>>> print(open('my_file.pdb').read())   # PDB, C-alpha atoms, pLDDT in the B column
ATOM      1  CA  MET S  71       0.000   0.000   0.000  1.00 67.00           C
ATOM      2  CA  PHE S  72       2.868   2.356   0.755  1.00 69.00           C
ATOM      3  CA  LEU S  73       4.176   2.003  -2.796  1.00 81.00           C
ATOM      4  CA  ALA S  74       0.735   2.646  -4.304  1.00 82.00           C
ATOM      5  CA  LEU S  75       0.278   5.808  -2.238  1.00 79.00           C
ATOM      6  CA  ASP S  76       3.772   7.011  -3.042  1.00 81.00           C
ATOM      7  CA  LEU S  77       3.364   6.473  -6.787  1.00 87.00           C
ATOM      8  CA  THR S  78      -0.093   8.102  -6.831  1.00 85.00           C
ATOM      9  CA  GLY S  79       1.291  11.102  -4.985  1.00 84.00           C
ATOM     10  CA  THR S  80       4.227  11.179  -7.387  1.00 90.00           C
ATOM     11  CA  PHE S  81       1.870  11.322 -10.371  1.00 91.00           C
ATOM     12  CA  ALA S  82      -0.309  14.036  -8.802  1.00 87.00           C
ATOM     13  CA  PHE S  83       2.683  16.217  -7.918  1.00 89.00           C
ATOM     14  CA  ALA S  84       4.265  15.654 -11.345  1.00 92.00           C
ATOM     15  CA  LEU S  85       1.067  16.937 -12.954  1.00 89.00           C
ATOM     16  CA  ASN S  86       1.002  19.840 -10.518  1.00 86.00           C
ATOM     17  CA  GLY S  87       4.600  20.869 -11.098  1.00 90.00           C
ATOM     18  CA  ALA S  88       4.348  20.501 -14.870  1.00 90.00           C
ATOM     19  CA  LEU S  89       1.077  22.452 -14.987  1.00 86.00           C
ATOM     20  CA  THR S  90       2.773  25.198 -12.994  1.00 86.00           C
ATOM     21  CA  ALA S  91       5.532  25.227 -15.599  1.00 87.00           C
ATOM     22  CA  VAL S  92       2.975  25.453 -18.426  1.00 85.00           C
ATOM     23  CA  ARG S  93       0.560  27.908 -16.856  1.00 80.00           C
ATOM     24  CA  VAL S  94       2.712  30.120 -14.653  1.00 78.00           C
ATOM     25  CA  ALA S  95       6.313  29.912 -15.814  1.00 75.00           C
ATOM     26  CA  ARG S  96       5.539  29.154 -19.498  1.00 81.00           C
ATOM     27  CA  LEU S  97       8.545  26.866 -19.907  1.00 88.00           C
ATOM     28  CA  ASP S  98       9.457  24.598 -22.844  1.00 91.00           C
ATOM     29  CA  ILE S  99       9.248  20.799 -22.734  1.00 93.00           C
ATOM     30  CA  VAL S 100      12.571  20.447 -20.905  1.00 94.00           C
ATOM     31  CA  GLY S 101      11.499  22.948 -18.267  1.00 93.00           C
ATOM     32  CA  VAL S 102       8.048  21.380 -17.913  1.00 93.00           C
ATOM     33  CA  VAL S 103       9.395  17.859 -17.403  1.00 94.00           C
ATOM     34  CA  THR S 104      12.172  19.063 -15.095  1.00 94.00           C
ATOM     35  CA  LEU S 105       9.818  21.050 -12.884  1.00 95.00           C
ATOM     36  CA  GLY S 106       7.290  18.228 -12.826  1.00 95.00           C
ATOM     37  CA  MET S 107       9.900  15.678 -11.778  1.00 95.00           C
ATOM     38  CA  PHE S 108      11.449  17.902  -9.119  1.00 95.00           C
ATOM     39  CA  THR S 109       7.995  18.552  -7.675  1.00 94.00           C
ATOM     40  CA  ALA S 110       7.094  14.874  -7.732  1.00 95.00           C
ATOM     41  CA  LEU S 111      10.323  13.413  -6.384  1.00 95.00           C
ATOM     42  CA  GLY S 112      11.881  16.100  -4.184  1.00 94.00           C
ATOM     43  CA  GLY S 113       9.982  15.439  -0.961  1.00 94.00           C
ATOM     44  CA  GLY S 114      10.458  11.674  -1.138  1.00 92.00           C
ATOM     45  CA  MET S 115      14.180  12.042  -1.754  1.00 94.00           C
ATOM     46  CA  VAL S 116      14.579  14.272   1.296  1.00 94.00           C
ATOM     47  CA  ARG S 117      12.559  11.793   3.362  1.00 93.00           C
ATOM     48  CA  ASP S 118      14.667   8.816   2.288  1.00 93.00           C
ATOM     49  CA  ILE S 119      17.918  10.652   2.955  1.00 93.00           C
ATOM     50  CA  LEU S 120      16.739  11.588   6.468  1.00 92.00           C
ATOM     51  CA  VAL S 121      15.919   7.976   7.365  1.00 92.00           C
ATOM     52  CA  ASP S 122      19.111   6.714   5.692  1.00 90.00           C
ATOM     53  CA  ALA S 123      17.153   4.759   3.080  1.00 86.00           C
ATOM     54  CA  LEU S 124      19.884   4.905   0.456  1.00 85.00           C
ATOM     55  CA  PRO S 125      19.768   5.016  -2.417  1.00 88.00           C
ATOM     56  CA  PRO S 126      16.469   6.947  -2.314  1.00 91.00           C
ATOM     57  CA  ALA S 127      13.481   5.060  -3.740  1.00 87.00           C
ATOM     58  CA  THR S 128      13.610   7.400  -6.739  1.00 89.00           C
ATOM     59  CA  PHE S 129      16.869   5.777  -7.865  1.00 90.00           C
ATOM     60  CA  ASP S 130      16.178   2.299  -6.536  1.00 90.00           C
ATOM     61  CA  ASP S 131      12.838   1.750  -8.282  1.00 92.00           C
ATOM     62  CA  TRP S 132      12.357   2.681 -11.949  1.00 93.00           C
ATOM     63  CA  ARG S 133       8.637   3.234 -11.415  1.00 95.00           C
ATOM     64  CA  TYR S 134       9.155   6.535  -9.589  1.00 94.00           C
ATOM     65  CA  LEU S 135      11.034   8.187 -12.442  1.00 95.00           C
ATOM     66  CA  THR S 136       8.639   6.687 -14.987  1.00 95.00           C
ATOM     67  CA  VAL S 137       5.492   7.859 -13.208  1.00 95.00           C
ATOM     68  CA  ALA S 138       6.966  11.340 -12.686  1.00 96.00           C
ATOM     69  CA  ALA S 139       7.973  11.586 -16.341  1.00 96.00           C
ATOM     70  CA  VAL S 140       4.590  10.373 -17.582  1.00 95.00           C
ATOM     71  CA  GLY S 141       2.729  12.824 -15.339  1.00 93.00           C
ATOM     72  CA  SER S 142       4.904  15.676 -16.556  1.00 94.00           C
ATOM     73  CA  LEU S 143       4.382  14.757 -20.214  1.00 94.00           C
ATOM     74  CA  VAL S 144       0.614  14.450 -19.743  1.00 91.00           C
ATOM     75  CA  ALA S 145       0.571  17.994 -18.378  1.00 89.00           C
ATOM     76  CA  PHE S 146       2.768  19.197 -21.237  1.00 90.00           C
ATOM     77  CA  VAL S 147       0.480  17.697 -23.895  1.00 89.00           C
ATOM     78  CA  PHE S 148      -2.876  18.467 -22.296  1.00 84.00           C
ATOM     79  CA  GLY S 149      -1.886  21.442 -20.138  1.00 75.00           C
ATOM     80  CA  ARG S 150      -3.975  24.011 -21.977  1.00 71.00           C
ATOM     81  CA  ARG S 151      -7.064  21.792 -21.772  1.00 72.00           C
ATOM     82  CA  LEU S 152      -6.483  21.062 -18.105  1.00 63.00           C
ATOM     83  CA  ASP S 153      -6.072  24.790 -17.565  1.00 58.00           C
ATOM     84  CA  ARG S 154      -9.760  25.246 -18.397  1.00 63.00           C
ATOM     85  CA  LEU S 155     -10.763  23.283 -15.323  1.00 54.00           C
ATOM     86  CA  ALA S 156     -11.437  25.196 -12.112  1.00 47.00           C
ATOM     87  CA  GLY S 157      -8.244  25.485 -10.153  1.00 70.00           C
ATOM     88  CA  PRO S 158      -6.482  22.359 -11.485  1.00 72.00           C
ATOM     89  CA  ILE S 159      -3.129  23.265  -9.994  1.00 73.00           C
ATOM     90  CA  LEU S 160      -4.549  23.865  -6.516  1.00 79.00           C
ATOM     91  CA  VAL S 161      -6.551  20.635  -6.540  1.00 84.00           C
ATOM     92  CA  LEU S 162      -3.601  18.551  -7.722  1.00 81.00           C
ATOM     93  CA  ASP S 163      -1.361  20.252  -5.205  1.00 83.00           C
ATOM     94  CA  ALA S 164      -3.775  19.372  -2.401  1.00 90.00           C
ATOM     95  CA  ALA S 165      -4.027  15.786  -3.652  1.00 90.00           C
ATOM     96  CA  GLY S 166      -0.263  15.374  -3.833  1.00 89.00           C
ATOM     97  CA  LEU S 167       0.144  17.040  -0.445  1.00 93.00           C
ATOM     98  CA  SER S 168      -2.316  14.600   1.122  1.00 94.00           C
ATOM     99  CA  LEU S 169      -0.894  11.457  -0.431  1.00 92.00           C
ATOM    100  CA  PHE S 170       2.694  12.355   0.397  1.00 94.00           C
ATOM    101  CA  ALA S 171       1.833  13.312   3.980  1.00 96.00           C
ATOM    102  CA  VAL S 172       0.361   9.847   4.434  1.00 95.00           C
ATOM    103  CA  SER S 173       3.102   7.934   2.604  1.00 93.00           C
ATOM    104  CA  GLY S 174       5.836   9.853   4.439  1.00 95.00           C
ATOM    105  CA  ALA S 175       4.322   9.028   7.814  1.00 96.00           C
ATOM    106  CA  LEU S 176       3.929   5.370   6.834  1.00 94.00           C
ATOM    107  CA  LYS S 177       7.560   5.253   5.727  1.00 93.00           C
ATOM    108  CA  GLY S 178       8.596   6.641   9.089  1.00 95.00           C
ATOM    109  CA  LEU S 179       6.573   3.965  10.887  1.00 94.00           C
ATOM    110  CA  ASP S 180       8.008   1.297   8.594  1.00 93.00           C
ATOM    111  CA  VAL S 181      11.607   2.192   9.483  1.00 93.00           C
ATOM    112  CA  GLY S 182      10.777   2.408  13.190  1.00 93.00           C
ATOM    113  CA  VAL S 183      11.202   6.098  14.021  1.00 95.00           C
ATOM    114  CA  GLY S 184       9.368   7.663  16.955  1.00 95.00           C
ATOM    115  CA  PHE S 185       5.842   9.095  16.998  1.00 96.00           C
ATOM    116  CA  MET S 186       6.699  12.740  16.326  1.00 97.00           C
ATOM    117  CA  GLN S 187       9.532  11.841  13.970  1.00 96.00           C
ATOM    118  CA  ALA S 188       7.066   9.938  11.769  1.00 97.00           C
ATOM    119  CA  VAL S 189       4.699  12.919  11.771  1.00 97.00           C
ATOM    120  CA  ILE S 190       7.533  15.268  10.796  1.00 97.00           C
ATOM    121  CA  LEU S 191       8.628  12.906   8.019  1.00 96.00           C
ATOM    122  CA  GLY S 192       5.088  13.020   6.663  1.00 96.00           C
ATOM    123  CA  GLY S 193       5.162  16.813   6.649  1.00 96.00           C
ATOM    124  CA  ILE S 194       8.584  16.977   4.988  1.00 96.00           C
ATOM    125  CA  THR S 195       7.577  14.485   2.303  1.00 95.00           C
ATOM    126  CA  ALA S 196       4.436  16.497   1.593  1.00 95.00           C
ATOM    127  CA  VAL S 197       5.927  19.989   1.330  1.00 94.00           C
ATOM    128  CA  GLY S 198       9.410  19.179   0.015  1.00 94.00           C
ATOM    129  CA  GLY S 199       8.543  18.854  -3.674  1.00 92.00           C
ATOM    130  CA  GLY S 200       6.323  21.922  -3.738  1.00 89.00           C
ATOM    131  CA  THR S 201       9.035  23.930  -2.021  1.00 92.00           C
ATOM    132  CA  LEU S 202      11.576  22.935  -4.685  1.00 92.00           C
ATOM    133  CA  ARG S 203       9.022  23.785  -7.391  1.00 90.00           C
ATOM    134  CA  ASP S 204       8.470  27.292  -6.069  1.00 90.00           C
ATOM    135  CA  VAL S 205      12.178  27.956  -5.560  1.00 92.00           C
ATOM    136  CA  LEU S 206      12.944  26.889  -9.136  1.00 92.00           C
ATOM    137  CA  ILE S 207      10.410  29.351 -10.570  1.00 90.00           C
ATOM    138  CA  ARG S 208      11.600  32.060  -8.177  1.00 89.00           C
ATOM    139  CA  GLU S 209       8.474  32.269  -6.045  1.00 88.00           C
ATOM    140  CA  VAL S 210       8.206  32.319  -2.270  1.00 84.00           C
ATOM    141  CA  PRO S 211       7.483  28.670  -1.331  1.00 87.00           C
ATOM    142  CA  ALA S 212       3.816  28.028  -0.619  1.00 79.00           C
ATOM    143  CA  VAL S 213       4.750  26.512   2.733  1.00 83.00           C
ATOM    144  CA  LEU S 214       5.973  29.970   3.813  1.00 80.00           C
ATOM    145  CA  SER S 215       3.344  32.136   2.152  1.00 73.00           C
ATOM    146  CA  SER S 216       0.157  30.134   1.656  1.00 60.00           C
ATOM    147  CA  GLY S 217      -2.477  29.749   4.327  1.00 69.00           C
ATOM    148  CA  LEU S 218      -2.791  26.235   5.707  1.00 84.00           C
ATOM    149  CA  TYR S 219      -0.218  24.298   3.695  1.00 90.00           C
ATOM    150  CA  ALA S 220       2.133  22.607   6.151  1.00 92.00           C
ATOM    151  CA  ILE S 221      -0.584  22.374   8.819  1.00 94.00           C
ATOM    152  CA  PRO S 222      -2.872  20.063   6.766  1.00 95.00           C
ATOM    153  CA  ALA S 223       0.110  17.837   5.946  1.00 96.00           C
ATOM    154  CA  LEU S 224       1.069  17.549   9.596  1.00 96.00           C
ATOM    155  CA  ALA S 225      -2.559  16.923  10.582  1.00 97.00           C
ATOM    156  CA  GLY S 226      -2.878  14.100   8.052  1.00 97.00           C
ATOM    157  CA  ALA S 227       0.419  12.560   9.143  1.00 97.00           C
ATOM    158  CA  LEU S 228      -0.584  12.865  12.805  1.00 98.00           C
ATOM    159  CA  LEU S 229      -3.822  10.994  12.159  1.00 97.00           C
ATOM    160  CA  VAL S 230      -1.976   8.181  10.393  1.00 97.00           C
ATOM    161  CA  VAL S 231       0.589   7.770  13.153  1.00 97.00           C
ATOM    162  CA  GLY S 232      -2.013   8.085  15.909  1.00 97.00           C
ATOM    163  CA  ALA S 233      -4.254   5.517  14.245  1.00 96.00           C
ATOM    164  CA  ASP S 234      -1.312   3.147  13.898  1.00 94.00           C
ATOM    165  CA  ARG S 235      -0.552   3.461  17.601  1.00 94.00           C
ATOM    166  CA  ALA S 236      -4.229   2.770  18.317  1.00 95.00           C
ATOM    167  CA  GLY S 237      -4.066  -0.469  16.331  1.00 95.00           C
ATOM    168  CA  VAL S 238      -5.995   0.721  13.262  1.00 94.00           C
ATOM    169  CA  ALA S 239      -5.047  -0.961   9.976  1.00 93.00           C
ATOM    170  CA  ASP S 240      -2.876   1.021   7.569  1.00 90.00           C
ATOM    171  CA  LEU S 241      -5.459   1.365   4.789  1.00 90.00           C
ATOM    172  CA  PRO S 242      -8.303   3.045   6.730  1.00 94.00           C
ATOM    173  CA  ALA S 243      -5.757   5.154   8.618  1.00 94.00           C
ATOM    174  CA  ALA S 244      -4.168   6.279   5.355  1.00 94.00           C
ATOM    175  CA  VAL S 245      -7.517   7.081   3.733  1.00 94.00           C
ATOM    176  CA  LEU S 246      -8.639   9.082   6.773  1.00 94.00           C
ATOM    177  CA  GLY S 247      -5.363  10.983   7.004  1.00 96.00           C
ATOM    178  CA  ALA S 248      -5.348  11.831   3.295  1.00 95.00           C
ATOM    179  CA  LEU S 249      -8.983  12.961   3.310  1.00 96.00           C
ATOM    180  CA  VAL S 250      -8.490  15.172   6.349  1.00 97.00           C
ATOM    181  CA  CYS S 251      -5.346  16.740   4.886  1.00 97.00           C
ATOM    182  CA  PHE S 252      -7.071  17.366   1.544  1.00 96.00           C
ATOM    183  CA  ALA S 253     -10.180  18.808   3.187  1.00 96.00           C
ATOM    184  CA  ILE S 254      -8.241  21.206   5.421  1.00 95.00           C
ATOM    185  CA  ARG S 255      -6.112  22.392   2.514  1.00 93.00           C
ATOM    186  CA  MET S 256      -9.087  22.980   0.209  1.00 93.00           C
ATOM    187  CA  VAL S 257     -11.142  24.702   2.906  1.00 92.00           C
ATOM    188  CA  GLY S 258      -8.183  26.994   3.530  1.00 90.00           C
ATOM    189  CA  VAL S 259      -7.944  27.784  -0.188  1.00 87.00           C
ATOM    190  CA  ARG S 260     -11.690  28.247  -0.642  1.00 86.00           C
ATOM    191  CA  PHE S 261     -12.177  30.568   2.319  1.00 88.00           C
ATOM    192  CA  ARG S 262      -8.668  32.034   2.348  1.00 83.00           C
ATOM    193  CA  ILE S 263      -8.033  30.856   5.889  1.00 83.00           C
ATOM    194  CA  ASP S 264      -4.500  31.487   7.080  1.00 75.00           C
ATOM    195  CA  ALA S 265      -2.411  30.012   9.845  1.00 76.00           C
ATOM    196  CA  PRO S 266      -1.949  32.234  12.899  1.00 74.00           C
ATOM    197  CA  ALA S 267       0.828  34.807  12.549  1.00 71.00           C
ATOM    198  CA  PRO S 268       2.397  37.359  14.913  1.00 72.00           C
ATOM    199  CA  PRO S 269       0.700  40.769  14.936  1.00 74.00           C
ATOM    200  CA  GLY S 270       1.784  42.719  11.883  1.00 64.00           C
ATOM    201  CA  ALA S 271       3.513  39.764  10.274  1.00 61.00           C
ATOM    202  CA  GLU S 272       2.680  38.016   6.991  1.00 56.00           C
ATOM    203  CA  HIS S 273       0.890  34.712   7.362  1.00 56.00           C
ATOM    204  CA  GLY S 274       2.152  31.329   6.241  1.00 57.00           C
ATOM    205  CA  ALA S 275       2.266  27.578   6.970  1.00 65.00           C
TER     206      ALA S 275
END
>>> encode(input="my_file.pdb", output="structure tokens")
Amino acid sequence: MFLALDLTGTFAFALNGALTAVRVARLDIVGVVTLGMFTALGGGMVRDILVDALPPATFDDWRYLTVAAVGSLVAFVFGRRLDRLAGPILVLDAAGLSLFAVSGALKGLDVGVGFMQAVILGGITAVGGGTLRDVLIREVPAVLSSGLYAIPALAGALLVVGADRAGVADLPAAVLGALVCFAIRMVGVRFRIDAPAPPGAEHGA
């Protein structure tokens, strides 16, 4: 199940990153595929390096690179059509965020890290690719500037780890965590809800 979640999240983030390249940065095919693959694979690579799972799954399993490349090419070919849908980038971003938050937490549990460490791994896996995406197109990373971005990821990861400690099976725990993360993220986008910030400071997280 971990592999299925990871590959689904990889595809969603590849689409998201490539659509950003098409719609926002207006890059050529090399730029679109590069941005899509960095978005899709960046968070998982950071996660694997932190838990000393070397080489990272990206380089140990051909399916990661293939899925990321296919997702990027789909966005390149159909990007203008997808652009007609309501908020495709935001929806895909929320989907990738949710799936990676769950898969990152499950990976942490699988390698035997502690409770909070697994939650943090879920958050890092979720926001890592999007952070690389934004840096590459010279934008302030969404995790620092967008309302409720890291918080939904951490909430989803927390639910997964908590459910595991309570003896809940991985599949229902993963589905619940992903749905909660996705819902919080989309509610934040829809109603422009921001994380708390110091008085006079810009919001983020």
>>> resolve_selection(input="my_file.pdb", expression="the PyMOL selection byres ((chain S and resi 140) around 12)", output="mmCIF file with C-alpha atoms, in the coordinates of the input")
data_model
loop_
_atom_site.group_PDB
_atom_site.id
_atom_site.type_symbol
_atom_site.label_atom_id
_atom_site.label_comp_id
_atom_site.auth_asym_id
_atom_site.auth_seq_id
_atom_site.Cartn_x
_atom_site.Cartn_y
_atom_site.Cartn_z
ATOM 1 C CA LEU S 77 3.364 6.473 -6.787
ATOM 2 C CA THR S 78 -0.093 8.102 -6.831
ATOM 3 C CA THR S 80 4.227 11.179 -7.387
ATOM 4 C CA PHE S 81 1.870 11.322 -10.371
ATOM 5 C CA ALA S 82 -0.309 14.036 -8.802
ATOM 6 C CA PHE S 83 2.683 16.217 -7.918
ATOM 7 C CA ALA S 84 4.265 15.654 -11.345
ATOM 8 C CA LEU S 85 1.067 16.937 -12.954
ATOM 9 C CA ALA S 88 4.348 20.501 -14.870
ATOM 10 C CA VAL S 102 8.048 21.380 -17.913
ATOM 11 C CA VAL S 103 9.395 17.859 -17.403
ATOM 12 C CA THR S 104 12.172 19.063 -15.095
ATOM 13 C CA GLY S 106 7.290 18.228 -12.826
ATOM 14 C CA MET S 107 9.900 15.678 -11.778
ATOM 15 C CA ALA S 110 7.094 14.874 -7.732
ATOM 16 C CA ARG S 133 8.637 3.234 -11.415
ATOM 17 C CA TYR S 134 9.155 6.535 -9.589
ATOM 18 C CA LEU S 135 11.034 8.187 -12.442
ATOM 19 C CA THR S 136 8.639 6.687 -14.987
ATOM 20 C CA VAL S 137 5.492 7.859 -13.208
ATOM 21 C CA ALA S 138 6.966 11.340 -12.686
ATOM 22 C CA ALA S 139 7.973 11.586 -16.341
ATOM 23 C CA GLY S 141 2.729 12.824 -15.339
ATOM 24 C CA SER S 142 4.904 15.676 -16.556
ATOM 25 C CA LEU S 143 4.382 14.757 -20.214
ATOM 26 C CA VAL S 144 0.614 14.450 -19.743
ATOM 27 C CA ALA S 145 0.571 17.994 -18.378
ATOM 28 C CA PHE S 146 2.768 19.197 -21.237
ATOM 29 C CA VAL S 147 0.480 17.697 -23.895
ATOM 30 C CA PHE S 148 -2.876 18.467 -22.296
#
>>> atom_distance(input="my_file.pdb", atom1="atom CA of Leu111 of chain S", atom2="atom CA of Ala188 of chain S")
18.8 Å
>>> residues_around(input="my_file.pdb", residues="Ala239 of chain S", least_positions_apart="6", cutoff="12 Å", atoms="all atoms listed in the file", output="MDAnalysis selection string")
chainID S and resid 71 176 230:233 245:246
>>> residues_around(input="my_file.pdb", residues="Ala244 of chain S", least_positions_apart="3", cutoff="9 Å", atoms="all atoms listed in the file", output="VMD selection string")
chain S and resid 75 169 172 to 173 176 226 to 227 229 to 230 233 239 to 241 247 to 249
>>> atom_distance(input="my_file.pdb", atom1="atom CA of Asp180 of chain S", atom2="atom CA of Leu120 of chain S")
13.7 Å
>>> closest_residue(input="my_file.pdb", among="S:Met115, S:Gly87, S:Val257, S:Ile221", to="Arg203 of chain S", atoms="all atoms listed in the file")
S:Gly87
>>> atom_distance(input="my_file.pdb", atom1="atom CA of Leu105 of chain S", atom2="atom CA of Gly79 of chain S")
15.3 Å
>>> closest_residue(input="my_file.pdb", among="S:Val210, S:Leu179, S:Ile194, S:Leu160", to="Val259 of chain S", atoms="all atoms listed in the file")
S:Leu160
>>> closest_residue(input="my_file.pdb", among="S:Cys251, S:Ala243, S:Ala220, S:Leu73", to="Ala127 of chain S", atoms="all atoms listed in the file")
S:Leu73
>>> closest_residue(input="my_file.pdb", among="S:Thr195, S:Gln187, S:Thr128, S:Thr90", to="Ala223 of chain S", atoms="all atoms listed in the file")
S:Thr195
>>> closest_residue(input="my_file.pdb", among="S:Arg255, S:Arg96, S:Arg260, S:Arg235", to="Leu162 of chain S", atoms="all atoms listed in the file")
S:Arg255
>>> decode(input="my_file.pdb", residues="segment 136-163 of chain S", atoms="N, CA and C atoms", output="PDB file, in the first residue's frame")
ATOM      1  N   THR S 136       9.572   6.878 -13.881  1.00  0.00           N
ATOM      2  CA  THR S 136       8.639   6.687 -14.987  1.00  0.00           C
ATOM      3  C   THR S 136       7.320   7.401 -14.737  1.00  0.00           C
ATOM      4  N   VAL S 137       6.768   7.219 -13.544  1.00  0.00           N
ATOM      5  CA  VAL S 137       5.492   7.859 -13.208  1.00  0.00           C
ATOM      6  C   VAL S 137       5.636   9.382 -13.228  1.00  0.00           C
ATOM      7  N   ALA S 138       6.744   9.885 -12.688  1.00  0.00           N
ATOM      8  CA  ALA S 138       6.966  11.340 -12.686  1.00  0.00           C
ATOM      9  C   ALA S 138       7.092  11.883 -14.103  1.00  0.00           C
ATOM     10  N   ALA S 139       7.806  11.145 -14.953  1.00  0.00           N
ATOM     11  CA  ALA S 139       7.973  11.586 -16.341  1.00  0.00           C
ATOM     12  C   ALA S 139       6.647  11.557 -17.098  1.00  0.00           C
ATOM     13  N   VAL S 140       5.881  10.492 -16.898  1.00  0.00           N
ATOM     14  CA  VAL S 140       4.590  10.373 -17.582  1.00  0.00           C
ATOM     15  C   VAL S 140       3.644  11.497 -17.132  1.00  0.00           C
ATOM     16  N   GLY S 141       3.579  11.744 -15.831  1.00  0.00           N
ATOM     17  CA  GLY S 141       2.729  12.824 -15.339  1.00  0.00           C
ATOM     18  C   GLY S 141       3.125  14.169 -15.907  1.00  0.00           C
ATOM     19  N   SER S 142       4.413  14.413 -16.012  1.00  0.00           N
ATOM     20  CA  SER S 142       4.904  15.676 -16.556  1.00  0.00           C
ATOM     21  C   SER S 142       4.541  15.811 -18.034  1.00  0.00           C
ATOM     22  N   LEU S 143       4.684  14.719 -18.784  1.00  0.00           N
ATOM     23  CA  LEU S 143       4.382  14.757 -20.214  1.00  0.00           C
ATOM     24  C   LEU S 143       2.878  14.900 -20.466  1.00  0.00           C
ATOM     25  N   VAL S 144       2.065  14.282 -19.618  1.00  0.00           N
ATOM     26  CA  VAL S 144       0.614  14.450 -19.743  1.00  0.00           C
ATOM     27  C   VAL S 144       0.241  15.920 -19.581  1.00  0.00           C
ATOM     28  N   ALA S 145       0.842  16.571 -18.585  1.00  0.00           N
ATOM     29  CA  ALA S 145       0.571  17.994 -18.378  1.00  0.00           C
ATOM     30  C   ALA S 145       1.082  18.837 -19.537  1.00  0.00           C
ATOM     31  N   PHE S 146       2.229  18.446 -20.105  1.00  0.00           N
ATOM     32  CA  PHE S 146       2.768  19.197 -21.237  1.00  0.00           C
ATOM     33  C   PHE S 146       1.836  19.108 -22.449  1.00  0.00           C
ATOM     34  N   VAL S 147       1.321  17.904 -22.711  1.00  0.00           N
ATOM     35  CA  VAL S 147       0.480  17.697 -23.895  1.00  0.00           C
ATOM     36  C   VAL S 147      -0.920  18.275 -23.701  1.00  0.00           C
ATOM     37  N   PHE S 148      -1.488  18.070 -22.526  1.00  0.00           N
ATOM     38  CA  PHE S 148      -2.876  18.467 -22.296  1.00  0.00           C
ATOM     39  C   PHE S 148      -3.000  19.674 -21.366  1.00  0.00           C
ATOM     40  N   GLY S 149      -1.887  20.358 -21.109  1.00  0.00           N
ATOM     41  CA  GLY S 149      -1.886  21.442 -20.138  1.00  0.00           C
ATOM     42  C   GLY S 149      -2.905  22.524 -20.406  1.00  0.00           C
ATOM     43  N   ARG S 150      -3.039  22.938 -21.655  1.00  0.00           N
ATOM     44  CA  ARG S 150      -3.975  24.011 -21.977  1.00  0.00           C
ATOM     45  C   ARG S 150      -5.416  23.574 -21.755  1.00  0.00           C
ATOM     46  N   ARG S 151      -5.712  22.291 -22.034  1.00  0.00           N
ATOM     47  CA  ARG S 151      -7.064  21.792 -21.772  1.00  0.00           C
ATOM     48  C   ARG S 151      -7.326  21.675 -20.276  1.00  0.00           C
ATOM     49  N   LEU S 152      -6.335  21.161 -19.555  1.00  0.00           N
ATOM     50  CA  LEU S 152      -6.483  21.062 -18.105  1.00  0.00           C
ATOM     51  C   LEU S 152      -6.634  22.430 -17.467  1.00  0.00           C
ATOM     52  N   ASP S 153      -6.034  23.435 -18.112  1.00  0.00           N
ATOM     53  CA  ASP S 153      -6.072  24.790 -17.565  1.00  0.00           C
ATOM     54  C   ASP S 153      -7.488  25.346 -17.547  1.00  0.00           C
ATOM     55  N   ARG S 154      -8.385  24.760 -18.354  1.00  0.00           N
ATOM     56  CA  ARG S 154      -9.760  25.246 -18.397  1.00  0.00           C
ATOM     57  C   ARG S 154     -10.570  24.771 -17.196  1.00  0.00           C
ATOM     58  N   LEU S 155     -10.071  23.758 -16.514  1.00  0.00           N
ATOM     59  CA  LEU S 155     -10.763  23.283 -15.323  1.00  0.00           C
ATOM     60  C   LEU S 155     -10.578  24.270 -14.179  1.00  0.00           C
ATOM     61  N   ALA S 156     -11.489  24.256 -13.237  1.00  0.00           N
ATOM     62  CA  ALA S 156     -11.437  25.196 -12.112  1.00  0.00           C
ATOM     63  C   ALA S 156     -10.322  24.809 -11.146  1.00  0.00           C
ATOM     64  N   GLY S 157      -9.335  25.658 -11.113  1.00  0.00           N
ATOM     65  CA  GLY S 157      -8.244  25.485 -10.153  1.00  0.00           C
ATOM     66  C   GLY S 157      -7.520  24.164 -10.223  1.00  0.00           C
ATOM     67  N   PRO S 158      -7.111  23.687 -11.419  1.00  0.00           N
ATOM     68  CA  PRO S 158      -6.482  22.359 -11.485  1.00  0.00           C
ATOM     69  C   PRO S 158      -5.187  22.269 -10.696  1.00  0.00           C
ATOM     70  N   ILE S 159      -4.406  23.316 -10.702  1.00  0.00           N
ATOM     71  CA  ILE S 159      -3.129  23.265  -9.994  1.00  0.00           C
ATOM     72  C   ILE S 159      -3.351  23.142  -8.492  1.00  0.00           C
ATOM     73  N   LEU S 160      -4.285  23.902  -7.953  1.00  0.00           N
ATOM     74  CA  LEU S 160      -4.549  23.865  -6.516  1.00  0.00           C
ATOM     75  C   LEU S 160      -5.095  22.503  -6.088  1.00  0.00           C
ATOM     76  N   VAL S 161      -5.974  21.929  -6.884  1.00  0.00           N
ATOM     77  CA  VAL S 161      -6.551  20.635  -6.540  1.00  0.00           C
ATOM     78  C   VAL S 161      -5.482  19.541  -6.578  1.00  0.00           C
ATOM     79  N   LEU S 162      -4.671  19.550  -7.620  1.00  0.00           N
ATOM     80  CA  LEU S 162      -3.601  18.551  -7.722  1.00  0.00           C
ATOM     81  C   LEU S 162      -2.572  18.737  -6.620  1.00  0.00           C
ATOM     82  N   ASP S 163      -2.297  19.979  -6.284  1.00  0.00           N
ATOM     83  CA  ASP S 163      -1.361  20.252  -5.205  1.00  0.00           C
ATOM     84  C   ASP S 163      -1.887  19.688  -3.892  1.00  0.00           C
TER      85      ASP S 163
END
